[in-house]
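Data block for protein-v3.pdb (PDB, C-alpha atoms, pLDDT in the B column):
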ATOM      1  CA  MET A   1      -4.650 117.800 232.539  1.00 93.00           C
ATOM      2  CA  ILE A   2      -6.073 121.044 233.838  1.00 96.00           C
ATOM      3  CA  THR A   3      -4.423 124.450 234.258  1.00 95.00           C
ATOM      4  CA  HIS A   4      -4.604 127.317 236.741  1.00 94.00           C
ATOM      5  CA  SER A   5      -3.352 130.760 235.712  1.00 96.00           C
ATOM      6  CA  HIS A   6      -1.842 133.308 238.091  1.00 94.00           C
ATOM      7  CA  GLY A   7      -0.841 136.884 237.328  1.00 95.00           C
ATOM      8  CA  SER A   8      -1.276 138.569 233.958  1.00 95.00           C
ATOM      9  CA  GLY A   9       0.555 139.818 230.910  1.00 96.00           C
ATOM     10  CA  SER A  10       3.821 138.603 229.461  1.00 95.00           C
ATOM     11  CA  PRO A  11       5.926 136.607 229.631  1.00 97.00           C
ATOM     12  CA  VAL A  12       3.837 133.472 230.024  1.00 98.00           C
ATOM     13  CA  THR A  13       5.549 130.718 232.008  1.00 98.00           C
ATOM     14  CA  LEU A  14       4.349 127.112 231.944  1.00 98.00           C
ATOM     15  CA  VAL A  15       4.932 125.282 235.240  1.00 98.00           C
ATOM     16  CA  ALA A  16       4.851 121.448 235.248  1.00 98.00           C
ATOM     17  CA  HIS A  17       5.007 119.662 238.598  1.00 97.00           C
ATOM     18  CA  GLY A  18       6.559 116.424 239.764  1.00 95.00           C
ATOM     19  CA  LEU A  19       4.897 113.102 240.504  1.00 94.00           C
ATOM     20  CA  GLY A  20       2.717 113.282 243.603  1.00 92.00           C
ATOM     21  CA  ALA A  21       3.018 117.046 243.997  1.00 92.00           C
ATOM     22  CA  THR A  22       0.352 118.705 246.104  1.00 89.00           C
ATOM     23  CA  PRO A  23      -1.379 121.804 244.664  1.00 89.00           C
ATOM     24  CA  GLY A  24       0.655 124.113 246.898  1.00 87.00           C
ATOM     25  CA  GLU A  25       3.894 122.335 246.006  1.00 87.00           C
ATOM     26  CA  ALA A  26       3.118 122.600 242.294  1.00 89.00           C
ATOM     27  CA  ARG A  27       2.902 126.408 242.570  1.00 89.00           C
ATOM     28  CA  ILE A  28       6.244 126.863 244.338  1.00 89.00           C
ATOM     29  CA  PRO A  29       8.443 127.218 241.204  1.00 90.00           C
ATOM     30  CA  ALA A  30       6.102 129.953 239.908  1.00 88.00           C
ATOM     31  CA  SER A  31       6.435 132.080 243.037  1.00 88.00           C
ATOM     32  CA  GLY A  32       7.770 135.549 242.271  1.00 90.00           C
ATOM     33  CA  LEU A  33       7.948 135.127 238.498  1.00 94.00           C
ATOM     34  CA  PRO A  34       6.643 138.085 236.468  1.00 93.00           C
ATOM     35  CA  GLY A  35       3.815 137.952 233.952  1.00 96.00           C
ATOM     36  CA  THR A  36       1.419 135.011 233.729  1.00 97.00           C
ATOM     37  CA  ARG A  37       2.177 131.684 235.370  1.00 97.00           C
ATOM     38  CA  VAL A  38       0.216 128.738 234.006  1.00 97.00           C
ATOM     39  CA  VAL A  39       0.479 125.920 236.547  1.00 97.00           C
ATOM     40  CA  VAL A  40      -0.646 122.571 235.181  1.00 97.00           C
ATOM     41  CA  THR A  41      -2.248 119.834 237.227  1.00 97.00           C
ATOM     42  CA  LEU A  42      -1.596 116.440 235.704  1.00 97.00           C
ATOM     43  CA  PRO A  43      -4.196 113.665 235.934  1.00 97.00           C
ATOM     44  CA  SER A  44      -4.511 111.928 239.324  1.00 96.00           C
ATOM     45  CA  HIS A  45      -3.260 115.062 241.083  1.00 95.00           C
ATOM     46  CA  GLY A  46      -5.100 117.771 242.991  1.00 93.00           C
ATOM     47  CA  ASP A  47      -8.488 118.556 241.466  1.00 92.00           C
ATOM     48  CA  ALA A  48      -7.740 116.798 238.153  1.00 95.00           C
ATOM     49  CA  PRO A  49      -9.574 113.578 237.249  1.00 96.00           C
ATOM     50  CA  ASP A  50      -7.788 110.246 237.520  1.00 96.00           C
ATOM     51  CA  ALA A  51      -5.426 109.407 234.676  1.00 97.00           C
ATOM     52  CA  PRO A  52      -6.807 107.272 231.852  1.00 96.00           C
ATOM     53  CA  ALA A  53      -5.285 103.852 231.275  1.00 95.00           C
ATOM     54  CA  GLY A  54      -1.750 104.005 229.877  1.00 95.00           C
ATOM     55  CA  TYR A  55      -1.383 107.739 230.481  1.00 97.00           C
ATOM     56  CA  TRP A  56       2.010 107.715 232.210  1.00 97.00           C
ATOM     57  CA  ASP A  57       4.305 108.139 229.225  1.00 96.00           C
ATOM     58  CA  TYR A  58       6.685 111.077 228.750  1.00 97.00           C
ATOM     59  CA  GLY A  59       5.477 111.543 225.188  1.00 97.00           C
ATOM     60  CA  ARG A  60       1.838 111.728 226.195  1.00 97.00           C
ATOM     61  CA  ILE A  61       2.548 114.172 229.024  1.00 98.00           C
ATOM     62  CA  ALA A  62       4.687 116.280 226.667  1.00 98.00           C
ATOM     63  CA  ALA A  63       1.782 116.406 224.221  1.00 98.00           C
ATOM     64  CA  ASP A  64      -0.441 117.747 227.006  1.00 98.00           C
ATOM     65  CA  LEU A  65       2.109 120.412 227.931  1.00 98.00           C
ATOM     66  CA  ALA A  66       2.393 121.401 224.265  1.00 98.00           C
ATOM     67  CA  THR A  67      -1.224 122.600 224.341  1.00 97.00           C
ATOM     68  CA  VAL A  68      -0.228 125.536 226.599  1.00 97.00           C
ATOM     69  CA  PRO A  69       1.196 128.541 224.685  1.00 97.00           C
ATOM     70  CA  ALA A  70       4.112 129.899 226.710  1.00 98.00           C
ATOM     71  CA  ASP A  71       7.388 131.827 226.384  1.00 98.00           C
ATOM     72  CA  HIS A  72       9.144 130.106 229.275  1.00 98.00           C
ATOM     73  CA  ALA A  73       8.761 126.813 231.131  1.00 98.00           C
ATOM     74  CA  VAL A  74       9.634 125.264 234.483  1.00 98.00           C
ATOM     75  CA  GLY A  75       9.486 121.524 235.078  1.00 98.00           C
ATOM     76  CA  VAL A  76      10.103 119.561 238.270  1.00 97.00           C
ATOM     77  CA  SER A  77      11.136 115.879 238.115  1.00 96.00           C
ATOM     78  CA  LEU A  78       8.373 114.256 236.035  1.00 97.00           C
ATOM     79  CA  GLY A  79       7.513 117.673 234.601  1.00 98.00           C
ATOM     80  CA  ALA A  80      11.174 118.198 233.707  1.00 98.00           C
ATOM     81  CA  GLY A  81      11.255 114.891 231.820  1.00 98.00           C
ATOM     82  CA  ALA A  82       8.145 115.806 229.846  1.00 98.00           C
ATOM     83  CA  LEU A  83       9.606 119.219 228.965  1.00 98.00           C
ATOM     84  CA  ILE A  84      12.822 117.552 227.784  1.00 98.00           C
ATOM     85  CA  ARG A  85      10.734 115.354 225.474  1.00 98.00           C
ATOM     86  CA  LEU A  86       8.827 118.410 224.221  1.00 98.00           C
ATOM     87  CA  LEU A  87      12.061 120.316 223.534  1.00 98.00           C
ATOM     88  CA  SER A  88      13.439 117.383 221.552  1.00 98.00           C
ATOM     89  CA  LEU A  89      10.385 117.626 219.279  1.00 98.00           C
ATOM     90  CA  GLU A  90      10.097 121.434 219.197  1.00 98.00           C
ATOM     91  CA  PRO A  91      13.591 122.857 219.815  1.00 98.00           C
ATOM     92  CA  ASP A  92      12.470 126.481 219.398  1.00 98.00           C
ATOM     93  CA  ARG A  93       9.388 126.135 221.610  1.00 97.00           C
ATOM     94  CA  PHE A  94      10.613 128.290 224.545  1.00 98.00           C
ATOM     95  CA  ARG A  95      13.077 131.120 225.163  1.00 98.00           C
ATOM     96  CA  ARG A  96      14.115 129.998 228.646  1.00 98.00           C
ATOM     97  CA  VAL A  97      13.526 126.737 230.508  1.00 98.00           C
ATOM     98  CA  ALA A  98      14.324 125.654 234.059  1.00 98.00           C
ATOM     99  CA  LEU A  99      14.531 121.925 234.785  1.00 98.00           C
ATOM    100  CA  LEU A 100      14.444 121.146 238.503  1.00 98.00           C
ATOM    101  CA  LEU A 101      15.510 117.736 239.790  1.00 97.00           C
ATOM    102  CA  PRO A 102      15.437 115.841 236.486  1.00 97.00           C
ATOM    103  CA  ALA A 103      15.110 112.129 237.171  1.00 95.00           C
ATOM    104  CA  VAL A 104      15.798 110.709 233.723  1.00 97.00           C
ATOM    105  CA  LEU A 105      17.412 111.719 230.426  1.00 98.00           C
ATOM    106  CA  ASP A 106      18.354 108.979 227.938  1.00 98.00           C
ATOM    107  CA  GLN A 107      18.894 106.114 230.384  1.00 95.00           C
ATOM    108  CA  PRO A 108      15.984 104.446 232.201  1.00 91.00           C
ATOM    109  CA  ARG A 109      15.492 105.435 235.812  1.00 82.00           C
ATOM    110  CA  GLN A 110      15.600 102.891 238.582  1.00 78.00           C
ATOM    111  CA  PRO A 111      12.288 101.341 239.595  1.00 82.00           C
ATOM    112  CA  PHE A 112      10.611 103.028 242.544  1.00 80.00           C
ATOM    113  CA  THR A 113       7.632 102.326 244.735  1.00 83.00           C
ATOM    114  CA  LEU A 114       5.048 104.665 246.167  1.00 84.00           C
ATOM    115  CA  GLN A 115       6.274 103.592 249.597  1.00 85.00           C
ATOM    116  CA  GLN A 116       9.753 104.910 248.713  1.00 83.00           C
ATOM    117  CA  LEU A 117       8.271 108.230 247.642  1.00 82.00           C
ATOM    118  CA  SER A 118       6.266 108.361 250.837  1.00 85.00           C
ATOM    119  CA  ASP A 119       9.241 107.493 253.051  1.00 83.00           C
ATOM    120  CA  LEU A 120      11.391 110.185 251.402  1.00 79.00           C
ATOM    121  CA  THR A 121       8.795 112.898 251.956  1.00 82.00           C
ATOM    122  CA  VAL A 122       9.985 115.457 254.504  1.00 79.00           C
ATOM    123  CA  GLY A 123       8.631 118.802 255.658  1.00 80.00           C
ATOM    124  CA  PRO A 124       5.868 120.162 257.878  1.00 84.00           C
ATOM    125  CA  PRO A 125       3.456 117.481 259.136  1.00 88.00           C
ATOM    126  CA  ASN A 126       0.493 118.868 257.179  1.00 88.00           C
ATOM    127  CA  TYR A 127       2.471 118.770 253.933  1.00 86.00           C
ATOM    128  CA  VAL A 128       3.767 115.245 254.575  1.00 86.00           C
ATOM    129  CA  ALA A 129       0.239 114.000 255.229  1.00 90.00           C
ATOM    130  CA  GLU A 130      -1.139 115.742 252.124  1.00 89.00           C
ATOM    131  CA  ARG A 131       1.597 114.371 249.872  1.00 87.00           C
ATOM    132  CA  ARG A 132       1.262 110.837 251.197  1.00 90.00           C
ATOM    133  CA  ALA A 133      -2.464 111.012 250.519  1.00 90.00           C
ATOM    134  CA  ALA A 134      -1.767 112.278 246.990  1.00 88.00           C
ATOM    135  CA  LEU A 135       0.510 109.317 246.277  1.00 90.00           C
ATOM    136  CA  THR A 136      -2.324 106.837 246.809  1.00 92.00           C
ATOM    137  CA  ARG A 137      -3.740 107.833 243.399  1.00 94.00           C
ATOM    138  CA  LEU A 138      -0.524 107.061 241.524  1.00 94.00           C
ATOM    139  CA  GLU A 139      -0.044 103.287 241.525  1.00 93.00           C
ATOM    140  CA  ALA A 140      -0.242 103.160 237.723  1.00 95.00           C
ATOM    141  CA  ALA A 141       2.460 105.830 237.391  1.00 94.00           C
ATOM    142  CA  ALA A 142       4.827 103.888 239.644  1.00 91.00           C
ATOM    143  CA  GLU A 143       4.296 100.833 237.440  1.00 92.00           C
ATOM    144  CA  GLN A 144       4.609 102.561 234.049  1.00 93.00           C
ATOM    145  CA  LEU A 145       7.344 105.194 234.414  1.00 93.00           C
ATOM    146  CA  PRO A 146      10.368 103.050 235.387  1.00 91.00           C
ATOM    147  CA  GLY A 147      12.128 101.845 232.255  1.00 91.00           C
ATOM    148  CA  GLN A 148      11.143 104.909 230.250  1.00 95.00           C
ATOM    149  CA  VAL A 149      13.475 107.688 229.067  1.00 97.00           C
ATOM    150  CA  ALA A 150      12.820 111.359 228.415  1.00 98.00           C
ATOM    151  CA  VAL A 151      14.630 111.088 225.057  1.00 98.00           C
ATOM    152  CA  PRO A 152      16.117 108.034 223.307  1.00 97.00           C
ATOM    153  CA  ASP A 153      19.362 109.929 222.672  1.00 97.00           C
ATOM    154  CA  ALA A 154      20.609 113.094 224.364  1.00 98.00           C
ATOM    155  CA  SER A 155      21.974 114.325 221.017  1.00 97.00           C
ATOM    156  CA  MET A 156      18.365 115.051 220.050  1.00 97.00           C
ATOM    157  CA  LEU A 157      18.623 118.162 222.244  1.00 98.00           C
ATOM    158  CA  ALA A 158      21.550 119.684 220.333  1.00 98.00           C
ATOM    159  CA  ALA A 159      19.219 121.893 218.281  1.00 98.00           C
ATOM    160  CA  VAL A 160      17.413 123.444 221.271  1.00 98.00           C
ATOM    161  CA  SER A 161      17.719 127.233 221.126  1.00 97.00           C
ATOM    162  CA  ALA A 162      16.475 128.007 224.649  1.00 98.00           C
ATOM    163  CA  LEU A 163      18.677 128.869 227.579  1.00 98.00           C
ATOM    164  CA  VAL A 164      18.237 125.989 230.022  1.00 98.00           C
ATOM    165  CA  LEU A 165      18.928 126.114 233.761  1.00 98.00           C
ATOM    166  CA  VAL A 166      19.206 122.678 235.369  1.00 98.00           C
ATOM    167  CA  ILE A 167      18.938 122.527 239.159  1.00 98.00           C
ATOM    168  CA  GLY A 168      20.103 119.247 240.642  1.00 97.00           C
ATOM    169  CA  ALA A 169      20.482 117.803 244.138  1.00 95.00           C
ATOM    170  CA  VAL A 170      23.338 116.032 245.881  1.00 96.00           C
ATOM    171  CA  GLY A 171      22.280 112.883 247.709  1.00 93.00           C
ATOM    172  CA  ASP A 172      18.750 112.536 246.329  1.00 90.00           C
ATOM    173  CA  PRO A 173      18.293 108.848 245.401  1.00 88.00           C
ATOM    174  CA  LEU A 174      15.349 109.590 243.086  1.00 89.00           C
ATOM    175  CA  HIS A 175      17.051 112.458 241.237  1.00 93.00           C
ATOM    176  CA  PRO A 176      20.731 111.516 240.797  1.00 94.00           C
ATOM    177  CA  GLU A 177      23.182 114.362 240.321  1.00 96.00           C
ATOM    178  CA  ASP A 178      24.667 112.522 237.314  1.00 97.00           C
ATOM    179  CA  VAL A 179      21.331 112.931 235.525  1.00 97.00           C
ATOM    180  CA  ALA A 180      21.339 116.664 236.253  1.00 98.00           C
ATOM    181  CA  LYS A 181      24.902 116.963 234.937  1.00 98.00           C
ATOM    182  CA  ALA A 182      24.120 115.012 231.765  1.00 98.00           C
ATOM    183  CA  THR A 183      20.949 117.027 231.189  1.00 98.00           C
ATOM    184  CA  ALA A 184      22.726 120.379 231.433  1.00 98.00           C
ATOM    185  CA  ALA A 185      25.491 119.145 229.138  1.00 98.00           C
ATOM    186  CA  ALA A 186      22.987 118.020 226.484  1.00 98.00           C
ATOM    187  CA  PHE A 187      21.715 121.552 225.804  1.00 98.00           C
ATOM    188  CA  PRO A 188      23.850 124.094 223.893  1.00 98.00           C
ATOM    189  CA  GLY A 189      22.594 126.774 226.288  1.00 97.00           C
ATOM    190  CA  GLY A 190      22.615 124.560 229.371  1.00 98.00           C
ATOM    191  CA  GLU A 191      23.695 125.739 232.822  1.00 98.00           C
ATOM    192  CA  LEU A 192      23.986 123.503 235.890  1.00 98.00           C
ATOM    193  CA  TRP A 193      23.395 124.427 239.530  1.00 98.00           C
ATOM    194  CA  LEU A 194      23.963 121.551 241.949  1.00 97.00           C
ATOM    195  CA  ILE A 195      22.655 122.112 245.472  1.00 96.00           C
ATOM    196  CA  ASP A 196      24.328 120.213 248.298  1.00 94.00           C
ATOM    197  CA  SER A 197      21.103 118.860 249.752  1.00 90.00           C
ATOM    198  CA  PRO A 198      18.881 115.836 249.057  1.00 88.00           C
ATOM    199  CA  ALA A 199      15.776 118.046 249.350  1.00 86.00           C
ATOM    200  CA  PRO A 200      16.681 121.483 247.945  1.00 88.00           C
ATOM    201  CA  MET A 201      13.080 122.552 247.374  1.00 86.00           C
ATOM    202  CA  ILE A 202      12.706 122.498 251.164  1.00 83.00           C
ATOM    203  CA  THR A 203      16.170 123.336 252.498  1.00 86.00           C
ATOM    204  CA  HIS A 204      17.022 125.946 249.836  1.00 91.00           C
ATOM    205  CA  ARG A 205      13.565 127.120 248.829  1.00 89.00           C
ATOM    206  CA  ALA A 206      14.360 130.839 249.034  1.00 92.00           C
ATOM    207  CA  GLU A 207      17.602 130.468 247.070  1.00 94.00           C
ATOM    208  CA  VAL A 208      15.860 128.437 244.351  1.00 94.00           C
ATOM    209  CA  ARG A 209      13.136 131.056 244.092  1.00 94.00           C
ATOM    210  CA  HIS A 210      15.637 133.901 243.727  1.00 94.00           C
ATOM    211  CA  ARG A 211      17.662 131.979 241.162  1.00 96.00           C
ATOM    212  CA  LEU A 212      14.576 131.275 239.061  1.00 96.00           C
ATOM    213  CA  VAL A 213      13.456 134.908 239.206  1.00 95.00           C
ATOM    214  CA  ASP A 214      16.912 136.087 238.133  1.00 96.00           C
ATOM    215  CA  PHE A 215      17.154 133.463 235.383  1.00 97.00           C
ATOM    216  CA  PHE A 216      13.830 134.290 233.789  1.00 96.00           C
ATOM    217  CA  ALA A 217      14.502 138.012 234.088  1.00 92.00           C
ATOM    218  CA  GLY A 218      17.560 137.478 231.884  1.00 84.00           C
TER     219      GLY A 218
END
Can you turn what I pasted into structure tokens?
Amino acid sequence: MITHSHGSGSPVTLVAHGLGATPGEARIPASGLPGTRVVVTLPSHGDAPDAPAGYWDYGRIAADLATVPADHAVGVSLGAGALIRLLSLEPDRFRRVALLLPAVLDQPRQPFTLQQLSDLTVGPPNYVAERRAALTRLEAAAEQLPGQVAVPDASMLAAVSALVLVIGAVGDPLHPEDVAKATAAAFPGGELWLIDSPAPMITHRAEVRHRLVDFFAG
């Protein structure tokens, strides 16, 4: 894992991307946030080296994220799952956390293929081509992640002190709205925002940005 910092000062916000995210896509949740934004690049993404054998485990990714000192955190899909694991181990780690499009909580996610991820990619042609190219490095992830859970039991999150905003999608087959609902309900300070779109990071990008800015501003 490598990191890229943007901005300066406090608060420090850790930003963890989803599987197959392009570098530009990974930065989107950090847009407009005050202070320092530390955007991670997981192995086999962007300019990071390929993942070592057996890397794709929520616990291992959470351990990588734990090396970044931060006040707040944002995680998208895979990044959200790793942050959930980290919060279960360190419930006082962050003050505020946003979990966008969580794909798994305490029940295994459905198997998926890289072809499915590619077929579901929408947006400008340049972005679609870049993301589809990025997915070619992730065969091991598609094999290892299905069957895993972010936490063995959602009750492990009952001690988390952070305020947690969960942003879910309606109609996204890879990020079921039931998972978003269960995730928000698992945190004492959980709040759910369901967006009526299967691709809210594209169709509601401005609204998501404003909501994140407002949330982290308190």
Q) Leaving out Leu194 in chain A and any residue of its chain fewer than 6 positions from it, which residues lie within 10 Å of it when counting all atoms listed in the file, given as an MDAnalysis selection string? A) chainID A and resid 101 166:170 177 180:181 200
Q.
Rounded to one decimal, what separation in Å do you get between CA of Asp106 in chain A and CA of Leu157 in chain A?
A. 10.8 Å
Q | Chain and number of each residue from the PyMOL selection byres ((chain A and resi 25-33) around 8), as a ChimeraX atom specification | A | /A:13,15-18,21-24,34-35,37,39,41,74,209,212-213,216
Q: Determine the nearest neighbour of Ser77 in chain A from the options A:Ala184, A:Ala48, A:Pro176, A:Ala129, counting only C-alpha atoms.
A: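 Of A:Ala184, A:Ala48, A:Pro176, A:Ala129, the one nearest Ser77 in chain A is A:Pro176, counting only C-alpha atoms.
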(Q) If I take CA of Thr36 in chain A and CA of Gly81 in chain A, how far is one from the other in Å, to one decimal? (A)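 About the pair CA of Thr36 in chain A and CA of Gly81 in chain A: they are 22.5 Å apart.
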Q: Tell me which residues the PyMOL selection byres ((chain A and resi 133-139) around 10) grabs here, as a list in words.
A: Leu19, Gly20, Ala21, Thr22, Pro23, Pro43, Ser44, His45, Gly46, Asp50, Ala51, Trp56, Thr113, Leu114, Gln115, Leu117, Ser118, Tyr127, Val128, Ala129, Glu130, Arg131, Arg132, Ala140, Ala141, Ala142, Glu143 and Gln144 of chain A
Q) So which one's closest to Leu163 in chain A, A:Leu87, A:Val12, A:Val68, A:Ile2? Using all atoms listed in the file, please. A)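 So, comparing all the options, the nearest one is A:Leu87.
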Q. Hey, can you pull every residue with an atom no more than 7 Å from (10.7, 120.8, 243.7), using all atoms listed in the file, and send it as an MDAnalysis selection string?
A. chainID A and resid 76 100:101 201
Q: Using all atoms listed in the file, pick whichever of A:Leu105, A:Val38, A:Ala73, A:Val97 has the shortest atom-to-atom distance to Ala182 in chain A.
A: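 Of A:Leu105, A:Val38, A:Ala73, A:Val97, the one nearest Ala182 in chain A, counting all atoms listed in the file, is A:Leu105.
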Q.
Between A:Met1, A:Val151, A:Ile195, A:Ala70, which residue has the minimum interatomic distance to Tyr58 in chain A, considering only C-alpha atoms?
A.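 Closest to Tyr58 in chain A, using only C-alpha atoms: A:Val151.
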Enclose all atoms of range 86-102 of chain A listed in the file in an axis-aligned box, grow every side by 4 Å, and hand back centre and edge lengths in Å to one decimal, as AutoDock Vina command-line options.
--center_x 12.2 --center_y 123.5 --center_z 229.5 --size_x 14.7 --size_y 23.3 --size_z 28.6
Q | For CA of Val40 in chain A and CA of Ala66 in chain A, the interatomic separation in Å (one decimal) | A |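 For CA of Val40 in chain A relative to CA of Ala66 in chain A, the distance reads 11.4 Å.
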(Q) Neighbouring residues of Asp71 in chain A were defined as those with any atom within 8 Å, considering only C-alpha atoms; residues of the same chain fewer than 6 positions away were excluded. Please report them as a ChimeraX atom specification. (A) /A:11-14,93-96
